[in-house]
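Everything below belongs to work_34.cif, which stores mmCIF, C-alpha atoms, pLDDT in the B column; chains and numbers go by the auth columns.
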data_data
#
loop_
_atom_site.group_PDB
_atom_site.id
_atom_site.type_symbol
_atom_site.label_atom_id
_atom_site.label_comp_id
_atom_site.label_asym_id
_atom_site.label_seq_id
_atom_site.Cartn_x
_atom_site.Cartn_y
_atom_site.Cartn_z
_atom_site.B_iso_or_equiv
_atom_site.auth_seq_id
_atom_site.auth_asym_id
ATOM 1 C CA MET A 1 119.265 87.180 75.230 39.00 1 X
ATOM 2 C CA GLN A 2 118.464 90.555 73.717 38.00 2 X
ATOM 3 C CA LYS A 3 119.018 93.762 75.619 40.00 3 X
ATOM 4 C CA PRO A 4 115.998 95.942 76.418 39.00 4 X
ATOM 5 C CA THR A 5 115.241 99.244 74.790 38.00 5 X
ATOM 6 C CA LEU A 6 116.084 101.983 77.279 41.00 6 X
ATOM 7 C CA ILE A 7 114.644 105.387 76.409 39.00 7 X
ATOM 8 C CA PRO A 8 115.902 108.309 78.552 41.00 8 X
ATOM 9 C CA ASN A 9 113.262 110.304 80.415 42.00 9 X
ATOM 10 C CA GLN A 10 113.129 113.575 78.495 38.00 10 X
ATOM 11 C CA ASN A 11 112.026 115.479 81.596 40.00 11 X
ATOM 12 C CA THR A 12 115.269 114.804 83.440 39.00 12 X
ATOM 13 C CA ALA A 13 117.866 113.677 80.899 39.00 13 X
ATOM 14 C CA GLU A 14 119.082 117.225 80.347 39.00 14 X
ATOM 15 C CA HIS A 15 120.277 117.391 83.963 39.00 15 X
ATOM 16 C CA GLY A 16 122.616 114.457 83.398 40.00 16 X
ATOM 17 C CA ASP A 17 122.023 112.957 86.829 51.00 17 X
ATOM 18 C CA SER A 18 118.868 110.881 86.463 49.00 18 X
ATOM 19 C CA LEU A 19 118.739 107.083 86.535 47.00 19 X
ATOM 20 C CA SER A 20 115.356 107.167 84.808 52.00 20 X
ATOM 21 C CA SER A 21 114.578 105.166 81.676 70.00 21 X
ATOM 22 C CA VAL A 22 111.595 103.541 80.024 82.00 22 X
ATOM 23 C CA TYR A 23 111.859 99.757 80.009 88.00 23 X
ATOM 24 C CA THR A 24 110.750 97.707 77.036 84.00 24 X
ATOM 25 C CA ASN A 25 110.651 93.934 77.294 85.00 25 X
ATOM 26 C CA HIS A 26 112.417 91.848 74.641 84.00 26 X
ATOM 27 C CA LEU A 27 112.271 88.538 76.498 87.00 27 X
ATOM 28 C CA SER A 28 110.060 85.795 75.066 87.00 28 X
ATOM 29 C CA ARG A 29 107.440 84.254 77.341 87.00 29 X
ATOM 30 C CA ARG A 30 109.166 80.904 76.982 84.00 30 X
ATOM 31 C CA ASP A 31 112.433 82.377 78.309 88.00 31 X
ATOM 32 C CA SER A 32 110.751 84.348 81.078 89.00 32 X
ATOM 33 C CA LEU A 33 108.880 81.225 82.204 86.00 33 X
ATOM 34 C CA LYS A 34 112.147 79.265 82.277 87.00 34 X
ATOM 35 C CA LEU A 35 113.664 81.960 84.481 89.00 35 X
ATOM 36 C CA LEU A 36 110.528 81.964 86.627 89.00 36 X
ATOM 37 C CA ALA A 37 110.999 78.237 87.255 86.00 37 X
ATOM 38 C CA ALA A 38 114.662 78.774 88.157 87.00 38 X
ATOM 39 C CA LEU A 39 113.714 81.666 90.409 87.00 39 X
ATOM 40 C CA ALA A 40 111.080 79.589 92.196 87.00 40 X
ATOM 41 C CA ALA A 41 113.733 76.976 92.979 83.00 41 X
ATOM 42 C CA SER A 42 116.314 79.525 94.077 76.00 42 X
ATOM 43 C CA ALA A 43 117.834 79.232 97.552 60.00 43 X
ATOM 44 C CA MET A 44 118.195 83.034 97.565 60.00 44 X
ATOM 45 C CA LEU A 45 114.529 83.571 98.422 65.00 45 X
ATOM 46 C CA PRO A 46 113.989 83.361 102.183 61.00 46 X
ATOM 47 C CA ALA A 47 110.466 83.885 103.462 53.00 47 X
ATOM 48 C CA LEU A 48 109.320 87.471 103.856 48.00 48 X
ATOM 49 C CA ALA A 49 108.770 88.663 107.399 47.00 49 X
ATOM 50 C CA GLY A 50 105.539 90.437 108.254 44.00 50 X
ATOM 51 C CA CYS A 51 105.217 94.130 107.397 47.00 51 X
ATOM 52 C CA GLU A 52 103.735 95.905 110.407 47.00 52 X
ATOM 53 C CA PRO A 53 102.574 99.558 110.515 44.00 53 X
ATOM 54 C CA THR A 54 105.130 101.980 111.954 42.00 54 X
ATOM 55 C CA PRO A 55 105.064 105.599 113.203 45.00 55 X
ATOM 56 C CA VAL A 56 106.486 108.952 112.092 45.00 56 X
ATOM 57 C CA ALA A 57 110.224 109.785 112.198 46.00 57 X
ATOM 58 C CA LYS A 58 112.998 111.726 110.449 50.00 58 X
ATOM 59 C CA THR A 59 114.418 110.666 107.076 51.00 59 X
ATOM 60 C CA ALA A 60 118.132 110.476 106.281 50.00 60 X
ATOM 61 C CA SER A 61 117.772 113.655 104.225 52.00 61 X
ATOM 62 C CA GLY A 62 116.369 115.547 107.228 52.00 62 X
ATOM 63 C CA THR A 63 112.721 115.680 106.150 54.00 63 X
ATOM 64 C CA THR A 64 109.797 114.404 108.197 49.00 64 X
ATOM 65 C CA SER A 65 107.792 111.652 106.557 53.00 65 X
ATOM 66 C CA THR A 66 104.800 109.749 107.866 59.00 66 X
ATOM 67 C CA GLU A 67 104.297 106.032 107.522 70.00 67 X
ATOM 68 C CA HIS A 68 102.071 106.054 104.454 85.00 68 X
ATOM 69 C CA TRP A 69 101.715 102.428 103.508 89.00 69 X
ATOM 70 C CA PRO A 70 99.386 102.121 100.480 88.00 70 X
ATOM 71 C CA GLU A 71 96.411 99.890 101.171 86.00 71 X
ATOM 72 C CA LEU A 72 96.054 98.417 97.695 87.00 72 X
ATOM 73 C CA LYS A 73 92.921 96.559 96.658 88.00 73 X
ATOM 74 C CA LEU A 74 94.199 94.322 93.887 88.00 74 X
ATOM 75 C CA GLN A 75 92.007 92.347 91.551 87.00 75 X
ATOM 76 C CA PRO A 76 92.664 88.633 92.115 87.00 76 X
ATOM 77 C CA ILE A 77 94.599 86.706 89.524 88.00 77 X
ATOM 78 C CA THR A 78 92.134 84.165 88.131 87.00 78 X
ATOM 79 C CA ALA A 79 94.184 82.636 85.315 87.00 79 X
ATOM 80 C CA LYS A 80 95.042 78.964 85.579 83.00 80 X
ATOM 81 C CA GLY A 81 98.587 77.753 86.150 83.00 81 X
ATOM 82 C CA TYR A 82 100.231 74.758 84.546 77.00 82 X
ATOM 83 C CA GLY A 83 98.383 72.356 86.832 72.00 83 X
ATOM 84 C CA LYS A 84 99.662 69.140 88.373 70.00 84 X
ATOM 85 C CA ASP A 85 100.301 67.387 85.061 68.00 85 X
ATOM 86 C CA PRO A 86 101.592 70.021 82.632 64.00 86 X
ATOM 87 C CA ASN A 87 102.200 69.279 78.979 66.00 87 X
ATOM 88 C CA LEU A 88 105.985 69.589 78.833 62.00 88 X
ATOM 89 C CA ILE A 89 106.154 68.588 75.165 69.00 89 X
ATOM 90 C CA MET A 90 103.892 71.403 73.938 70.00 90 X
ATOM 91 C CA PRO A 91 103.531 73.808 76.864 64.00 91 X
ATOM 92 C CA PRO A 92 101.127 76.743 76.485 64.00 92 X
ATOM 93 C CA GLU A 93 102.806 79.835 75.089 66.00 93 X
ATOM 94 C CA ALA A 94 101.324 82.214 77.684 70.00 94 X
ATOM 95 C CA PRO A 95 99.551 80.417 80.549 80.00 95 X
ATOM 96 C CA TRP A 96 98.638 83.667 82.309 90.00 96 X
ATOM 97 C CA PRO A 97 98.693 87.357 81.313 92.00 97 X
ATOM 98 C CA LEU A 98 101.452 89.639 82.529 93.00 98 X
ATOM 99 C CA THR A 99 100.106 92.321 84.839 94.00 99 X
ATOM 100 C CA LEU A 100 102.690 95.049 85.498 95.00 100 X
ATOM 101 C CA THR A 101 101.949 98.359 83.796 95.00 101 X
ATOM 102 C CA PRO A 102 104.609 100.105 81.674 94.00 102 X
ATOM 103 C CA ALA A 103 105.133 102.605 84.513 95.00 103 X
ATOM 104 C CA GLN A 104 105.599 99.819 87.051 96.00 104 X
ATOM 105 C CA LEU A 105 108.013 97.988 84.751 96.00 105 X
ATOM 106 C CA SER A 106 110.071 101.136 84.271 96.00 106 X
ATOM 107 C CA LEU A 107 110.202 101.672 88.030 97.00 107 X
ATOM 108 C CA VAL A 108 111.259 98.043 88.565 97.00 108 X
ATOM 109 C CA ALA A 109 113.936 98.476 85.881 96.00 109 X
ATOM 110 C CA LEU A 110 115.260 101.578 87.589 96.00 110 X
ATOM 111 C CA LEU A 111 115.316 99.918 91.011 97.00 111 X
ATOM 112 C CA SER A 112 116.889 96.802 89.502 97.00 112 X
ATOM 113 C CA ASP A 113 119.759 98.826 88.079 96.00 113 X
ATOM 114 C CA ILE A 114 120.298 100.588 91.402 96.00 114 X
ATOM 115 C CA ILE A 115 120.561 97.161 93.058 96.00 115 X
ATOM 116 C CA VAL A 116 122.580 95.526 90.245 95.00 116 X
ATOM 117 C CA PRO A 117 124.280 98.219 88.135 95.00 117 X
ATOM 118 C CA GLN A 118 126.534 97.502 85.203 94.00 118 X
ATOM 119 C CA GLU A 119 130.038 96.816 86.457 92.00 119 X
ATOM 120 C CA GLY A 120 132.924 96.070 84.119 90.00 120 X
ATOM 121 C CA GLN A 121 131.870 93.304 81.751 89.00 121 X
ATOM 122 C CA SER A 122 128.864 92.391 83.904 91.00 122 X
ATOM 123 C CA PRO A 123 125.589 93.865 82.576 95.00 123 X
ATOM 124 C CA SER A 124 122.989 95.583 84.720 95.00 124 X
ATOM 125 C CA ALA A 125 119.839 93.811 85.877 95.00 125 X
ATOM 126 C CA SER A 126 117.598 95.521 83.327 95.00 126 X
ATOM 127 C CA ALA A 127 120.004 94.649 80.504 95.00 127 X
ATOM 128 C CA VAL A 128 119.364 90.941 81.159 95.00 128 X
ATOM 129 C CA GLN A 129 115.591 91.490 81.406 95.00 129 X
ATOM 130 C CA VAL A 130 115.190 91.043 85.166 96.00 130 X
ATOM 131 C CA PRO A 131 112.088 93.328 85.217 96.00 131 X
ATOM 132 C CA SER A 132 110.365 90.893 82.823 96.00 132 X
ATOM 133 C CA VAL A 133 111.083 88.039 85.228 95.00 133 X
ATOM 134 C CA ILE A 134 109.656 90.083 88.125 97.00 134 X
ATOM 135 C CA ASP A 135 106.567 90.746 85.977 96.00 135 X
ATOM 136 C CA GLU A 136 106.240 87.010 85.344 94.00 136 X
ATOM 137 C CA TRP A 137 106.644 86.312 89.072 95.00 137 X
ATOM 138 C CA VAL A 138 103.999 88.717 90.353 96.00 138 X
ATOM 139 C CA SER A 139 101.593 87.720 87.571 95.00 139 X
ATOM 140 C CA ALA A 140 101.737 83.974 88.255 93.00 140 X
ATOM 141 C CA PRO A 141 98.547 82.574 89.849 93.00 141 X
ATOM 142 C CA TYR A 142 100.249 80.584 92.620 90.00 142 X
ATOM 143 C CA PRO A 143 99.865 81.441 96.349 90.00 143 X
ATOM 144 C CA SER A 144 103.475 82.426 97.112 89.00 144 X
ATOM 145 C CA GLN A 145 103.713 84.589 93.995 93.00 145 X
ATOM 146 C CA GLN A 146 100.398 86.252 94.828 92.00 146 X
ATOM 147 C CA ARG A 147 101.589 87.098 98.331 92.00 147 X
ATOM 148 C CA ASP A 148 104.645 88.683 96.735 94.00 148 X
ATOM 149 C CA ARG A 149 102.435 90.525 94.240 95.00 149 X
ATOM 150 C CA LEU A 150 100.768 92.534 97.005 94.00 150 X
ATOM 151 C CA THR A 151 104.111 93.167 98.700 95.00 151 X
ATOM 152 C CA ILE A 152 105.923 94.264 95.544 96.00 152 X
ATOM 153 C CA LEU A 153 103.129 96.442 94.149 96.00 153 X
ATOM 154 C CA SER A 154 102.707 98.081 97.559 96.00 154 X
ATOM 155 C CA ALA A 155 106.446 98.763 97.683 96.00 155 X
ATOM 156 C CA LEU A 156 106.391 100.328 94.200 97.00 156 X
ATOM 157 C CA ALA A 157 103.438 102.532 95.168 96.00 157 X
ATOM 158 C CA TRP A 158 105.168 103.526 98.420 97.00 158 X
ATOM 159 C CA ILE A 159 108.359 104.532 96.605 97.00 159 X
ATOM 160 C CA ASP A 160 106.465 106.757 94.179 96.00 160 X
ATOM 161 C CA ASP A 161 104.395 108.251 97.022 95.00 161 X
ATOM 162 C CA GLU A 162 107.540 108.967 99.038 96.00 162 X
ATOM 163 C CA ALA A 163 109.211 110.617 96.040 96.00 163 X
ATOM 164 C CA THR A 164 106.175 112.843 95.532 96.00 164 X
ATOM 165 C CA MET A 165 106.006 113.753 99.236 95.00 165 X
ATOM 166 C CA ARG A 166 109.685 114.670 99.406 95.00 166 X
ATOM 167 C CA PHE A 167 110.429 116.073 95.977 96.00 167 X
ATOM 168 C CA SER A 168 107.030 116.648 94.286 96.00 168 X
ATOM 169 C CA GLN A 169 107.839 114.231 91.454 95.00 169 X
ATOM 170 C CA PRO A 170 107.505 110.479 90.879 95.00 170 X
ATOM 171 C CA PHE A 171 110.608 108.409 91.554 96.00 171 X
ATOM 172 C CA THR A 172 111.550 107.888 87.904 95.00 172 X
ATOM 173 C CA ALA A 173 111.555 111.660 87.306 95.00 173 X
ATOM 174 C CA LEU A 174 114.045 112.379 90.099 95.00 174 X
ATOM 175 C CA GLY A 175 117.759 112.915 89.744 95.00 175 X
ATOM 176 C CA LYS A 176 120.161 110.270 90.984 95.00 176 X
ATOM 177 C CA PRO A 177 120.963 111.956 94.344 96.00 177 X
ATOM 178 C CA GLN A 178 117.257 112.257 95.180 96.00 178 X
ATOM 179 C CA GLN A 179 116.564 108.661 94.158 96.00 179 X
ATOM 180 C CA LEU A 180 119.413 107.337 96.276 96.00 180 X
ATOM 181 C CA ALA A 181 118.350 109.458 99.261 96.00 181 X
ATOM 182 C CA ILE A 182 115.100 107.485 99.337 96.00 182 X
ATOM 183 C CA ILE A 183 116.760 104.118 98.707 96.00 183 X
ATOM 184 C CA ASP A 184 119.313 104.772 101.464 94.00 184 X
ATOM 185 C CA ASP A 185 116.455 105.182 103.948 94.00 185 X
ATOM 186 C CA ILE A 186 114.813 101.857 103.045 95.00 186 X
ATOM 187 C CA ALA A 187 117.761 99.745 101.930 93.00 187 X
ATOM 188 C CA TYR A 188 117.979 97.619 105.076 90.00 188 X
ATOM 189 C CA ASP A 189 115.910 96.837 108.139 88.00 189 X
ATOM 190 C CA ASN A 190 118.351 97.114 111.040 87.00 190 X
ATOM 191 C CA GLU A 191 118.888 99.093 114.235 86.00 191 X
ATOM 192 C CA GLN A 192 119.697 102.224 112.203 85.00 192 X
ATOM 193 C CA THR A 193 116.436 102.095 110.219 87.00 193 X
ATOM 194 C CA SER A 194 114.003 104.850 111.214 87.00 194 X
ATOM 195 C CA ALA A 195 110.700 103.660 112.624 87.00 195 X
ATOM 196 C CA GLN A 196 108.513 104.737 109.719 88.00 196 X
ATOM 197 C CA PHE A 197 110.729 102.866 107.249 93.00 197 X
ATOM 198 C CA LYS A 198 110.549 99.462 108.940 92.00 198 X
ATOM 199 C CA ARG A 199 107.615 98.209 106.899 92.00 199 X
ATOM 200 C CA ILE A 200 108.872 99.386 103.508 95.00 200 X
ATOM 201 C CA ALA A 201 112.379 98.117 104.336 95.00 201 X
ATOM 202 C CA LYS A 202 110.951 94.605 104.737 94.00 202 X
ATOM 203 C CA ALA A 203 109.039 94.882 101.465 95.00 203 X
ATOM 204 C CA PHE A 204 112.063 96.343 99.668 96.00 204 X
ATOM 205 C CA ALA A 205 114.146 93.437 100.966 94.00 205 X
ATOM 206 C CA ARG A 206 111.759 91.034 99.245 95.00 206 X
ATOM 207 C CA LEU A 207 112.006 92.978 95.987 96.00 207 X
ATOM 208 C CA ARG A 208 115.805 93.062 96.297 95.00 208 X
ATOM 209 C CA ASN A 209 115.943 89.302 96.888 94.00 209 X
ATOM 210 C CA LEU A 210 113.770 88.660 93.839 95.00 210 X
ATOM 211 C CA ILE A 211 115.896 90.945 91.662 96.00 211 X
ATOM 212 C CA LEU A 212 119.170 89.376 92.814 94.00 212 X
ATOM 213 C CA ALA A 213 117.869 85.823 92.477 93.00 213 X
ATOM 214 C CA ALA A 214 116.462 86.548 89.000 95.00 214 X
ATOM 215 C CA TYR A 215 119.744 88.152 87.931 95.00 215 X
ATOM 216 C CA PHE A 216 121.836 85.188 89.029 92.00 216 X
ATOM 217 C CA CYS A 217 119.479 82.782 87.253 91.00 217 X
ATOM 218 C CA THR A 218 120.316 84.383 83.897 92.00 218 X
ATOM 219 C CA PRO A 219 123.254 83.141 81.786 90.00 219 X
ATOM 220 C CA GLU A 220 125.005 86.478 82.370 92.00 220 X
ATOM 221 C CA GLY A 221 124.490 86.278 86.126 90.00 221 X
ATOM 222 C CA ILE A 222 125.732 82.684 86.244 88.00 222 X
ATOM 223 C CA LYS A 223 128.835 83.762 84.325 88.00 223 X
ATOM 224 C CA ASP A 224 129.325 86.706 86.671 86.00 224 X
ATOM 225 C CA ILE A 225 129.709 84.452 89.725 82.00 225 X
ATOM 226 C CA GLY A 226 131.899 81.999 87.834 81.00 226 X
ATOM 227 C CA TYR A 227 129.557 79.018 88.126 77.00 227 X
ATOM 228 C CA LEU A 228 130.695 76.296 85.732 73.00 228 X
ATOM 229 C CA GLY A 229 127.955 73.734 86.235 75.00 229 X
ATOM 230 C CA ASN A 230 128.598 70.144 85.198 74.00 230 X
ATOM 231 C CA VAL A 231 132.028 70.009 83.564 78.00 231 X
ATOM 232 C CA PRO A 232 133.387 66.713 82.170 82.00 232 X
ATOM 233 C CA ILE A 233 136.667 65.459 83.618 80.00 233 X
ATOM 234 C CA ALA A 234 139.242 64.127 81.186 83.00 234 X
ATOM 235 C CA GLY A 235 140.691 60.798 82.274 86.00 235 X
ATOM 236 C CA ALA A 236 140.137 58.949 85.540 88.00 236 X
ATOM 237 C CA TYR A 237 138.163 60.651 88.306 84.00 237 X
ATOM 238 C CA PRO A 238 140.765 61.996 90.774 82.00 238 X
ATOM 239 C CA GLY A 239 138.437 61.885 93.756 83.00 239 X
ATOM 240 C CA PRO A 240 138.184 64.456 96.565 83.00 240 X
ATOM 241 C CA THR A 241 141.277 66.418 97.547 86.00 241 X
ATOM 242 C CA PRO A 242 143.146 65.630 100.775 87.00 242 X
ATOM 243 C CA GLU A 243 141.786 68.896 102.177 90.00 243 X
ATOM 244 C CA ALA A 244 138.227 67.743 101.470 89.00 244 X
ATOM 245 C CA TYR A 245 138.857 64.386 103.157 89.00 245 X
ATOM 246 C CA SER A 246 140.374 66.158 106.162 90.00 246 X
ATOM 247 C CA HIS A 247 137.390 68.488 106.495 91.00 247 X
ATOM 248 C CA LEU A 248 134.932 65.595 106.199 91.00 248 X
ATOM 249 C CA ASN A 249 136.745 63.480 108.794 90.00 249 X
ATOM 250 C CA LYS A 250 136.936 66.414 111.202 92.00 250 X
ATOM 251 C CA THR A 251 133.181 66.962 110.854 92.00 251 X
ATOM 252 C CA LEU A 252 132.507 63.243 111.387 91.00 252 X
ATOM 253 C CA ALA A 253 134.659 63.306 114.529 90.00 253 X
ATOM 254 C CA GLU A 254 132.719 66.289 115.899 91.00 254 X
ATOM 255 C CA LEU A 255 129.513 64.319 115.353 91.00 255 X
ATOM 256 C CA GLY A 256 130.929 61.230 117.099 90.00 256 X
ATOM 257 C CA LEU A 257 131.028 59.313 113.827 90.00 257 X
ATOM 258 C CA SER A 258 134.755 58.690 113.524 87.00 258 X
ATOM 259 C CA ASP A 259 134.062 55.032 112.760 87.00 259 X
ATOM 260 C CA PHE A 260 132.838 56.231 109.374 86.00 260 X
ATOM 261 C CA ALA A 261 135.926 58.337 108.618 87.00 261 X
ATOM 262 C CA TYR A 262 137.545 57.892 105.242 83.00 262 X
ATOM 263 C CA PRO A 263 141.122 56.566 105.204 80.00 263 X
ATOM 264 C CA VAL A 264 143.528 59.118 103.756 71.00 264 X
ATOM 265 C CA SER A 265 146.464 57.627 101.911 64.00 265 X
#
Kindly present the structure from the file in structure tokens form.
Amino acid sequence: MQKPTLIPNQNTAEHGDSLSSVYTNHLSRRDSLKLLAALAASAMLPALAGCEPTPVAKTASGTTSTEHWPELKLQPITAKGYGKDPNLIMPPEAPWPLTLTPAQLSLVALLSDIIVPQEGQSPSASAVQVPSVIDEWVSAPYPSQQRDRLTILSALAWIDDEATMRFSQPFTALGKPQQLAIIDDIAYDNEQTSAQFKRIAKAFARLRNLILAAYFCTPEGIKDIGYLGNVPIAGAYPGPTPEAYSHLNKTLAELGLSDFAYPVS
């Protein structure tokens, strides 16, 4: 998988503290669709809770910010999907158009690398083309993806609006401390989350889940968690370990199914 082209933002690069970059996709549609399919099957994608309007409160940086949820009116996605009987031998190269703008992709890339930065030998999310997978996801014409499309695009618009309200610049033009001040306010929806950040925190959680799931569907992400997949065993199958048998028999006993316990030699 090729790495993306990352072009520093010339407006902020001289300060040395910006996370901004311009994202350029180098992932083929075939590869992004394969990752889309893996992402759709991922167990890391719980359902998104409702995003309700919330009132005014103080931000973590001490400024007052109103709940300014963008009411987006998105054009419906009308492209056809693969259908119920797709041609798996010669699948269409591009079944639907990608819809994120270059600015939105760059913002997703920046947020992706805040969520999954490069660490040691593990690449960042944008380096393994996660923004392209998010673009594929929100552009797909299926109901669950279209619900996420409104959520994700609203979250991106909110983040840029919040950056402009606080610091008079879009998010990608801010320095790292300013960017993280906003992310810290919306990172999680818990008892410490200020009232006006409840709705965006829920939406940001969905974006974070998509980014993490997409990352760990890539070959690099799979390697990062040490998943080996199906590995052939040389020689005779050794069977479960004694510890596994013991755990299984204990569980069966708790369920009143000791008659089905496995004998341990």
Residues within 9 Å of range 183-188 of chain X, please, as a list in words. Count only C-alpha atoms; anything in the same chain fewer than 3 positions from it doesn't count.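 Skipping anything fewer than 3 positions along the chain leaves Thr59, Ala60, Ser61, Leu111, Ile114, Ile159, Gln178, Gln179, Leu180, Gln192, Thr193, Ser194, Phe197, Lys198, Arg199, Ile200, Ala201, Lys202, Phe204, Ala205 and Arg208 of chain X.
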For the structure shown, which residues end up in the PyMOL selection byres ((chain X and resi 171) around 12)? Put them as a PyMOL selection string, please? chain X and resi 9+12+18-21+103-104+106-111+156-170+172-183
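Run against this file, the PyMOL selection byres ((chain X and resi 123) around 12) gives back X:Met1, X:Gln2, X:Lys3, X:Pro4, X:Ser112, X:Asp113, X:Val116, X:Pro117, X:Gln118, X:Glu119, X:Gly120, X:Gln121, X:Ser122, X:Ser124, X:Ala125, X:Ser126, X:Ala127, X:Val128, X:Gln129, X:Val130, X:Tyr215, X:Phe216, X:Thr218, X:Pro219, X:Glu220, X:Gly221, X:Ile222, X:Lys223, X:Asp224.
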For Pro143 in chain X, which residue out of X:Tyr245, X:Ile77, X:Gly239, X:Ala155 is the nearest one, using all atoms listed in the file?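 Checking each candidate against Pro143 in chain X, we get X:Ile77 as the closest.
Distance-wise, CA of Lys73 in chain X and CA of Ala94 in chain X end up 25.2 Å apart.
In this structure, CA of Gln196 in chain X sits 23.9 Å away from CA of Ile211 in chain X.
For the residues X:Val133, X:Ala195, X:Ala213, X:Leu74, ranking by smallest atom-to-atom distance to Ser42 in chain X using only C-alpha atoms places X:Ala213 first.
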Spatial neighbours of Ile152 in chain X, 9 Å, all atoms listed in the file, chain gap at least 6 places, as a PyMOL selection string: chain X and resi 138+203-204+206-207
Restricting it to C-alpha atoms, dump the selection as a PDB file, in the coordinates of the input.
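Output file selection_37.pdb is given in full below:
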ATOM      1  CA  VAL X 138     103.999  88.717  90.353  1.00 96.00           C
ATOM      2  CA  ALA X 203     109.039  94.882 101.465  1.00 95.00           C
ATOM      3  CA  PHE X 204     112.063  96.343  99.668  1.00 96.00           C
ATOM      4  CA  ARG X 206     111.759  91.034  99.245  1.00 95.00           C
ATOM      5  CA  LEU X 207     112.006  92.978  95.987  1.00 96.00           C
TER       6      LEU X 207
END
Evaluated on this file, the PyMOL selection byres ((chain X and resi 31-36) around 7) picks out some residues - which ones are they, written as a count of residues only? 13
So what do you get for CA of Ile225 in chain X versus CA of Asn190 in chain X, distance-wise? 27.3 Å
